[in-house]
>>> print(open('start19.tsv').read())   # TSV, C-alpha atoms
chain	number	residue	atom	x	y	z
A	42	GLN	CA	22.05	20.58	-6.08
A	43	LEU	CA	18.83	18.63	-6.48
A	44	ARG	CA	19.08	15.21	-4.84
A	45	PRO	CA	16.11	12.86	-4.72
A	46	VAL	CA	15.87	10.79	-1.55
A	47	GLU	CA	14.31	7.34	-1.72
A	48	SER	CA	12.76	5.44	1.16
A	49	GLY	CA	10.47	2.49	1.78
A	50	GLY	CA	12.57	-0.42	0.58
A	51	GLY	CA	12.90	-3.63	2.52
A	52	LEU	CA	12.43	-7.37	2.59
A	53	VAL	CA	9.05	-8.79	1.63
A	54	GLN	CA	7.70	-12.20	0.73
A	55	SER	CA	6.57	-13.05	-2.77
A	56	GLY	CA	3.07	-11.70	-3.34
A	57	GLY	CA	3.56	-8.92	-0.82
A	58	SER	CA	3.55	-5.15	-1.22
A	59	LEU	CA	5.83	-2.20	-0.59
A	60	ARG	CA	5.48	1.51	-1.19
A	61	LEU	CA	8.55	3.46	-2.16
A	62	SER	CA	8.76	7.21	-1.70
A	63	CYS	CA	10.93	9.74	-3.48
A	64	ALA	CA	11.26	13.12	-1.81
A	65	VAL	CA	12.73	16.14	-3.56
A	66	SER	CA	13.44	19.43	-1.83
A	67	GLY	CA	14.81	22.84	-2.71
A	68	VAL	CA	13.20	23.14	-6.13
A	69	THR	CA	9.82	23.82	-7.68
A	70	PHE	CA	8.82	20.18	-7.60
A	71	ASP	CA	5.99	20.38	-10.11
A	72	ASN	CA	8.49	21.38	-12.79
A	73	TYR	CA	10.14	17.97	-12.66
A	74	VAL	CA	9.47	14.66	-14.37
A	75	ILE	CA	10.24	11.77	-12.03
A	76	GLY	CA	11.31	8.28	-12.96
A	77	TRP	CA	11.85	5.07	-11.04
A	78	PHE	CA	14.60	2.73	-12.14
A	79	ARG	CA	15.99	-0.50	-10.76
A	80	GLN	CA	19.20	-2.42	-11.00
A	81	ALA	CA	19.61	-6.05	-10.09
A	82	PRO	CA	23.06	-7.60	-9.50
A	83	GLY	CA	24.85	-8.14	-12.80
A	84	LYS	CA	22.16	-6.39	-14.83
A	85	GLU	CA	21.72	-3.04	-16.49
A	86	ARG	CA	19.72	-0.33	-14.77
A	87	GLU	CA	16.25	-0.38	-16.26
A	88	GLY	CA	13.29	1.96	-16.28
A	89	VAL	CA	10.36	0.87	-14.13
A	90	SER	CA	7.96	3.78	-14.27
A	91	CYS	CA	7.77	7.52	-14.78
A	92	ILE	CA	5.34	10.34	-14.16
A	93	SER	CA	5.01	13.75	-15.77
A	94	SER	CA	5.44	16.96	-13.83
A	95	SER	CA	1.66	17.41	-13.51
A	96	GLY	CA	0.97	13.76	-12.84
A	97	GLY	CA	-1.24	13.53	-15.90
A	98	TYR	CA	0.99	11.09	-17.75
A	99	THR	CA	2.45	7.85	-16.46
A	100	ASN	CA	4.31	5.00	-18.06
A	101	TYR	CA	5.34	1.53	-16.94
A	102	ALA	CA	7.69	-1.21	-18.00
A	103	ASP	CA	5.82	-4.24	-19.31
A	104	SER	CA	7.22	-6.34	-16.47
A	105	VAL	CA	5.41	-4.26	-13.82
A	106	LYS	CA	2.21	-3.19	-15.57
A	107	GLY	CA	-0.85	-4.02	-13.52
A	108	ARG	CA	1.25	-4.52	-10.36
A	109	PHE	CA	2.97	-1.17	-9.78
A	110	THR	CA	1.37	2.26	-9.57
A	111	ILE	CA	3.22	5.56	-9.66
A	112	SER	CA	1.71	8.73	-8.23
A	113	ARG	CA	2.83	12.12	-6.98
A	114	ASP	CA	1.79	14.61	-4.36
A	115	ASN	CA	3.18	17.95	-5.46
A	116	ALA	CA	2.14	19.57	-2.18
A	117	LYS	CA	4.47	17.16	-0.37
A	118	ASN	CA	7.22	17.18	-3.05
A	119	THR	CA	6.99	13.41	-3.15
A	120	VAL	CA	6.50	10.68	-5.72
A	121	TYR	CA	5.32	7.22	-4.70
A	122	LEU	CA	5.71	3.81	-6.26
A	123	GLN	CA	3.16	1.34	-4.94
A	124	MET	CA	4.38	-2.17	-5.66
A	125	ASN	CA	1.91	-5.03	-5.30
A	126	SER	CA	2.12	-8.74	-6.10
A	127	LEU	CA	5.88	-8.59	-5.78
A	128	LYS	CA	7.95	-11.34	-7.33
A	129	PRO	CA	11.51	-12.49	-6.61
A	130	GLU	CA	12.55	-11.03	-9.97
A	131	ASP	CA	11.60	-7.58	-8.66
A	132	THR	CA	14.56	-7.78	-6.30
A	133	ALA	CA	16.87	-4.85	-7.05
A	134	VAL	CA	18.10	-1.51	-5.88
A	135	TYR	CA	15.42	1.02	-6.82
A	136	TYR	CA	16.47	4.50	-7.81
A	137	CYS	CA	14.49	7.69	-8.15
A	138	ALA	CA	15.56	10.19	-10.78
A	139	ALA	CA	14.46	13.66	-11.81
A	140	VAL	CA	14.65	15.86	-14.88
A	141	HIS	CA	13.25	19.34	-15.44
A	142	ARG	CA	10.25	19.16	-17.76
A	143	GLU	CA	11.87	21.68	-20.13
A	144	SER	CA	14.84	19.34	-20.53
A	145	THR	CA	12.74	16.49	-21.84
A	146	THR	CA	12.54	15.74	-25.53
A	147	GLN	CA	10.27	13.65	-27.69
A	148	ALA	CA	13.44	12.19	-29.20
A	149	MET	CA	14.04	10.23	-26.01
A	150	SER	CA	11.74	7.93	-24.12
A	151	PRO	CA	10.74	9.18	-20.65
A	152	MET	CA	11.85	5.75	-19.45
A	153	ALA	CA	15.40	6.23	-20.73
A	154	ARG	CA	17.92	6.63	-17.93
A	155	LEU	CA	20.03	9.02	-20.04
A	156	LEU	CA	17.17	11.53	-19.94
A	157	TYR	CA	17.51	12.08	-16.20
A	158	ASP	CA	19.91	14.56	-14.63
A	159	TYR	CA	19.49	13.92	-10.91
A	160	TRP	CA	19.65	10.59	-9.12
A	161	GLY	CA	19.06	9.35	-5.63
A	162	GLN	CA	21.23	6.87	-3.75
A	163	GLY	CA	18.77	4.02	-4.13
A	164	THR	CA	16.80	1.78	-1.80
A	165	GLN	CA	17.07	-2.00	-1.68
A	166	VAL	CA	14.00	-4.11	-2.39
A	167	THR	CA	14.33	-7.82	-1.73
A	168	VAL	CA	11.52	-10.25	-2.50
A	169	SER	CA	11.90	-13.70	-1.03
A	170	SER	CA	10.30	-16.79	-2.46
>>> encode(input="start19.tsv", output="structure tokens")
Amino acid sequence: QLRPVESGGGLVQSGGSLRLSCAVSGVTFDNYVIGWFRQAPGKEREGVSCISSSGGYTNYADSVKGRFTISRDNAKNTVYLQMNSLKPEDTAVYYCAAVHRESTTQAMSPMARLLYDYWGQGTQVTVSS
């Protein structure tokens, strides 16, 4: 069973940076689209960013554009989310999710959580003011 494993969360001051990592093992990693999602207390889980299996396509939520950068290293089976200029409203549990590229469809946004089949346990990001 594919299970993404997130790491890199923590406590940071407003304006600071963190880099999250999502490691996936046991599969041909470059066949998988990877998404990052987050869920704050009392809120719905929302899409933050996603990256295609080749890394040639990326997408971001408006709230993080210009501050977050997603990338992948297929040789290391890892996707990264570099988060800069963090704000208190970025505080949430961040989840990594994966879907096989052949399971994607143009009928559904790559930022839609329902698209993804495999989810990690999440990593807490807390931004203090």
>>> atom_distance(input="start19.tsv", atom1="CA of Trp77 (chain A)", atom2="CA of Gly56 (chain A)")
20.4 Å
>>> closest_residue(input="start19.tsv", among="A:Gly76, A:Pro82, A:Pro129, A:Gly107", to="Leu156 (chain A)", atoms="only C-alpha atoms")
A:Gly76
>>> closest_residue(input="start19.tsv", among="A:Asn118, A:Pro151, A:Arg60, A:Gln123", to="Thr99 (chain A)", atoms="all atoms listed in the file")
A:Pro151
>>> closest_residue(input="start19.tsv", among="A:Ser112, A:Ser93, A:Ser66, A:Ser169", to="His141 (chain A)", atoms="all atoms listed in the file")
A:Ser93
>>> closest_residue(input="start19.tsv", among="A:Ile75, A:Val53, A:Leu127, A:Ala133", to="Ala153 (chain A)", atoms="all atoms listed in the file")
A:Ile75
>>> closest_residue(input="start19.tsv", among="A:Ser104, A:Thr132, A:Thr164, A:Thr145", to="Tyr73 (chain A)", atoms="all atoms listed in the file")
A:Thr145
>>> closest_residue(input="start19.tsv", among="A:Val134, A:Val65, A:Pro45, A:Asn100", to="Glu85 (chain A)", atoms="only C-alpha atoms")
A:Val134
>>> atom_distance(input="start19.tsv", atom1="CA of Leu59 (chain A)", atom2="CA of Arg142 (chain A)")
27.8 Å
>>> atom_distance(input="start19.tsv", atom1="CA of Leu52 (chain A)", atom2="CA of Tyr159 (chain A)")
26.2 Å
>>> decode(input="start19.tsv", residues="region 96-132 of chain A", atoms="N, CA, C and O atoms", output="short mmCIF file (atom, residue, chain, number, x, y, z; two decimals), in the first residue's frame")
data_model
loop_
_atom_site.label_atom_id
_atom_site.label_comp_id
_atom_site.auth_asym_id
_atom_site.auth_seq_id
_atom_site.Cartn_x
_atom_site.Cartn_y
_atom_site.Cartn_z
N GLY A 96 7.07 16.71 -13.12
CA GLY A 96 7.51 17.97 -12.53
C GLY A 96 7.32 19.16 -13.44
O GLY A 96 7.61 20.29 -13.06
N GLY A 97 6.81 18.91 -14.65
CA GLY A 97 6.69 19.99 -15.62
C GLY A 97 5.50 20.91 -15.41
O GLY A 97 5.44 21.99 -16.00
N TYR A 98 4.58 20.48 -14.59
CA TYR A 98 3.39 21.29 -14.30
C TYR A 98 3.23 21.44 -12.81
O TYR A 98 3.32 20.47 -12.06
N THR A 99 2.98 22.67 -12.37
CA THR A 99 2.70 22.93 -10.97
C THR A 99 1.51 23.87 -10.86
O THR A 99 1.19 24.61 -11.80
N ASN A 100 0.87 23.84 -9.73
CA ASN A 100 -0.26 24.71 -9.48
C ASN A 100 -0.26 25.10 -8.01
O ASN A 100 0.24 24.34 -7.16
N TYR A 101 -0.82 26.29 -7.74
CA TYR A 101 -0.83 26.80 -6.38
C TYR A 101 -2.17 27.44 -6.05
O TYR A 101 -2.81 28.04 -6.91
N ALA A 102 -2.56 27.33 -4.80
CA ALA A 102 -3.70 28.10 -4.33
C ALA A 102 -3.32 29.59 -4.34
O ALA A 102 -2.16 29.95 -4.12
N ASP A 103 -4.32 30.44 -4.58
CA ASP A 103 -4.05 31.88 -4.63
C ASP A 103 -3.41 32.38 -3.34
O ASP A 103 -2.59 33.29 -3.36
N SER A 104 -3.79 31.79 -2.23
CA SER A 104 -3.33 32.25 -0.92
C SER A 104 -1.84 32.01 -0.70
O SER A 104 -1.25 32.61 0.21
N VAL A 105 -1.22 31.15 -1.51
CA VAL A 105 0.21 30.85 -1.30
C VAL A 105 1.08 31.20 -2.50
O VAL A 105 2.31 31.07 -2.43
N LYS A 106 0.47 31.64 -3.57
CA LYS A 106 1.25 31.99 -4.77
C LYS A 106 2.29 33.06 -4.45
O LYS A 106 2.00 34.03 -3.76
N GLY A 107 3.49 32.84 -4.95
CA GLY A 107 4.58 33.78 -4.70
C GLY A 107 5.31 33.54 -3.39
O GLY A 107 6.37 34.13 -3.16
N ARG A 108 4.77 32.69 -2.53
CA ARG A 108 5.40 32.40 -1.23
C ARG A 108 5.85 30.95 -1.13
O ARG A 108 6.86 30.64 -0.51
N PHE A 109 5.08 30.04 -1.72
CA PHE A 109 5.37 28.61 -1.65
C PHE A 109 5.87 28.12 -3.00
O PHE A 109 5.43 28.59 -4.05
N THR A 110 6.78 27.16 -2.96
CA THR A 110 7.28 26.54 -4.19
C THR A 110 7.30 25.03 -4.02
O THR A 110 7.88 24.52 -3.06
N ILE A 111 6.68 24.34 -4.96
CA ILE A 111 6.67 22.88 -4.94
C ILE A 111 7.71 22.39 -5.95
O ILE A 111 7.90 22.98 -7.02
N SER A 112 8.38 21.30 -5.60
CA SER A 112 9.35 20.70 -6.50
C SER A 112 9.44 19.21 -6.19
O SER A 112 8.93 18.76 -5.17
N ARG A 113 10.07 18.48 -7.09
CA ARG A 113 10.22 17.04 -6.84
C ARG A 113 11.57 16.57 -7.33
O ARG A 113 12.11 17.11 -8.31
N ASP A 114 12.08 15.57 -6.64
CA ASP A 114 13.31 14.91 -7.02
C ASP A 114 12.96 13.45 -7.21
O ASP A 114 12.87 12.69 -6.24
N ASN A 115 12.74 13.05 -8.45
CA ASN A 115 12.29 11.68 -8.70
C ASN A 115 13.37 10.64 -8.38
O ASN A 115 13.06 9.48 -8.10
N ALA A 116 14.61 11.05 -8.38
CA ALA A 116 15.69 10.12 -8.00
C ALA A 116 15.65 9.79 -6.51
O ALA A 116 16.11 8.73 -6.09
N LYS A 117 15.08 10.72 -5.73
CA LYS A 117 14.98 10.51 -4.28
C LYS A 117 13.56 10.17 -3.85
O LYS A 117 13.28 10.09 -2.64
N ASN A 118 12.64 10.02 -4.81
CA ASN A 118 11.24 9.70 -4.50
C ASN A 118 10.65 10.70 -3.49
O ASN A 118 9.92 10.30 -2.57
N THR A 119 10.95 11.96 -3.69
CA THR A 119 10.54 12.97 -2.72
C THR A 119 10.01 14.23 -3.41
O THR A 119 10.55 14.65 -4.44
N VAL A 120 8.97 14.76 -2.83
CA VAL A 120 8.44 16.07 -3.23
C VAL A 120 8.65 17.04 -2.09
O VAL A 120 8.50 16.68 -0.92
N TYR A 121 8.98 18.28 -2.43
CA TYR A 121 9.24 19.30 -1.43
C TYR A 121 8.24 20.44 -1.57
O TYR A 121 7.77 20.75 -2.67
N LEU A 122 7.94 21.06 -0.43
CA LEU A 122 7.16 22.28 -0.44
C LEU A 122 7.95 23.32 0.36
O LEU A 122 8.00 23.24 1.58
N GLN A 123 8.55 24.25 -0.36
CA GLN A 123 9.29 25.33 0.29
C GLN A 123 8.30 26.44 0.61
O GLN A 123 7.64 26.97 -0.30
N MET A 124 8.22 26.78 1.88
CA MET A 124 7.24 27.78 2.33
C MET A 124 8.00 28.97 2.90
O MET A 124 8.69 28.84 3.92
N ASN A 125 7.88 30.11 2.24
CA ASN A 125 8.53 31.33 2.68
C ASN A 125 7.49 32.36 3.09
O ASN A 125 6.32 32.24 2.76
N SER A 126 7.95 33.37 3.77
CA SER A 126 7.06 34.47 4.21
C SER A 126 5.80 33.94 4.87
O SER A 126 4.68 34.36 4.57
N LEU A 127 6.00 33.01 5.78
CA LEU A 127 4.86 32.36 6.43
C LEU A 127 4.05 33.34 7.27
O LEU A 127 4.60 34.28 7.87
N LYS A 128 2.75 33.09 7.28
CA LYS A 128 1.81 33.93 8.01
C LYS A 128 1.07 33.07 9.03
O LYS A 128 0.95 31.85 8.85
N PRO A 129 0.54 33.68 10.08
CA PRO A 129 -0.23 32.90 11.06
C PRO A 129 -1.38 32.12 10.41
O PRO A 129 -1.68 31.00 10.85
N GLU A 130 -1.95 32.64 9.35
CA GLU A 130 -3.06 31.93 8.69
C GLU A 130 -2.59 30.70 7.91
O GLU A 130 -3.42 29.94 7.41
N ASP A 131 -1.30 30.49 7.81
CA ASP A 131 -0.78 29.26 7.21
C ASP A 131 -0.75 28.10 8.21
O ASP A 131 -0.45 26.96 7.84
N THR A 132 -1.05 28.41 9.47
CA THR A 132 -1.05 27.37 10.49
C THR A 132 -2.08 26.30 10.18
O THR A 132 -3.26 26.60 9.95
#
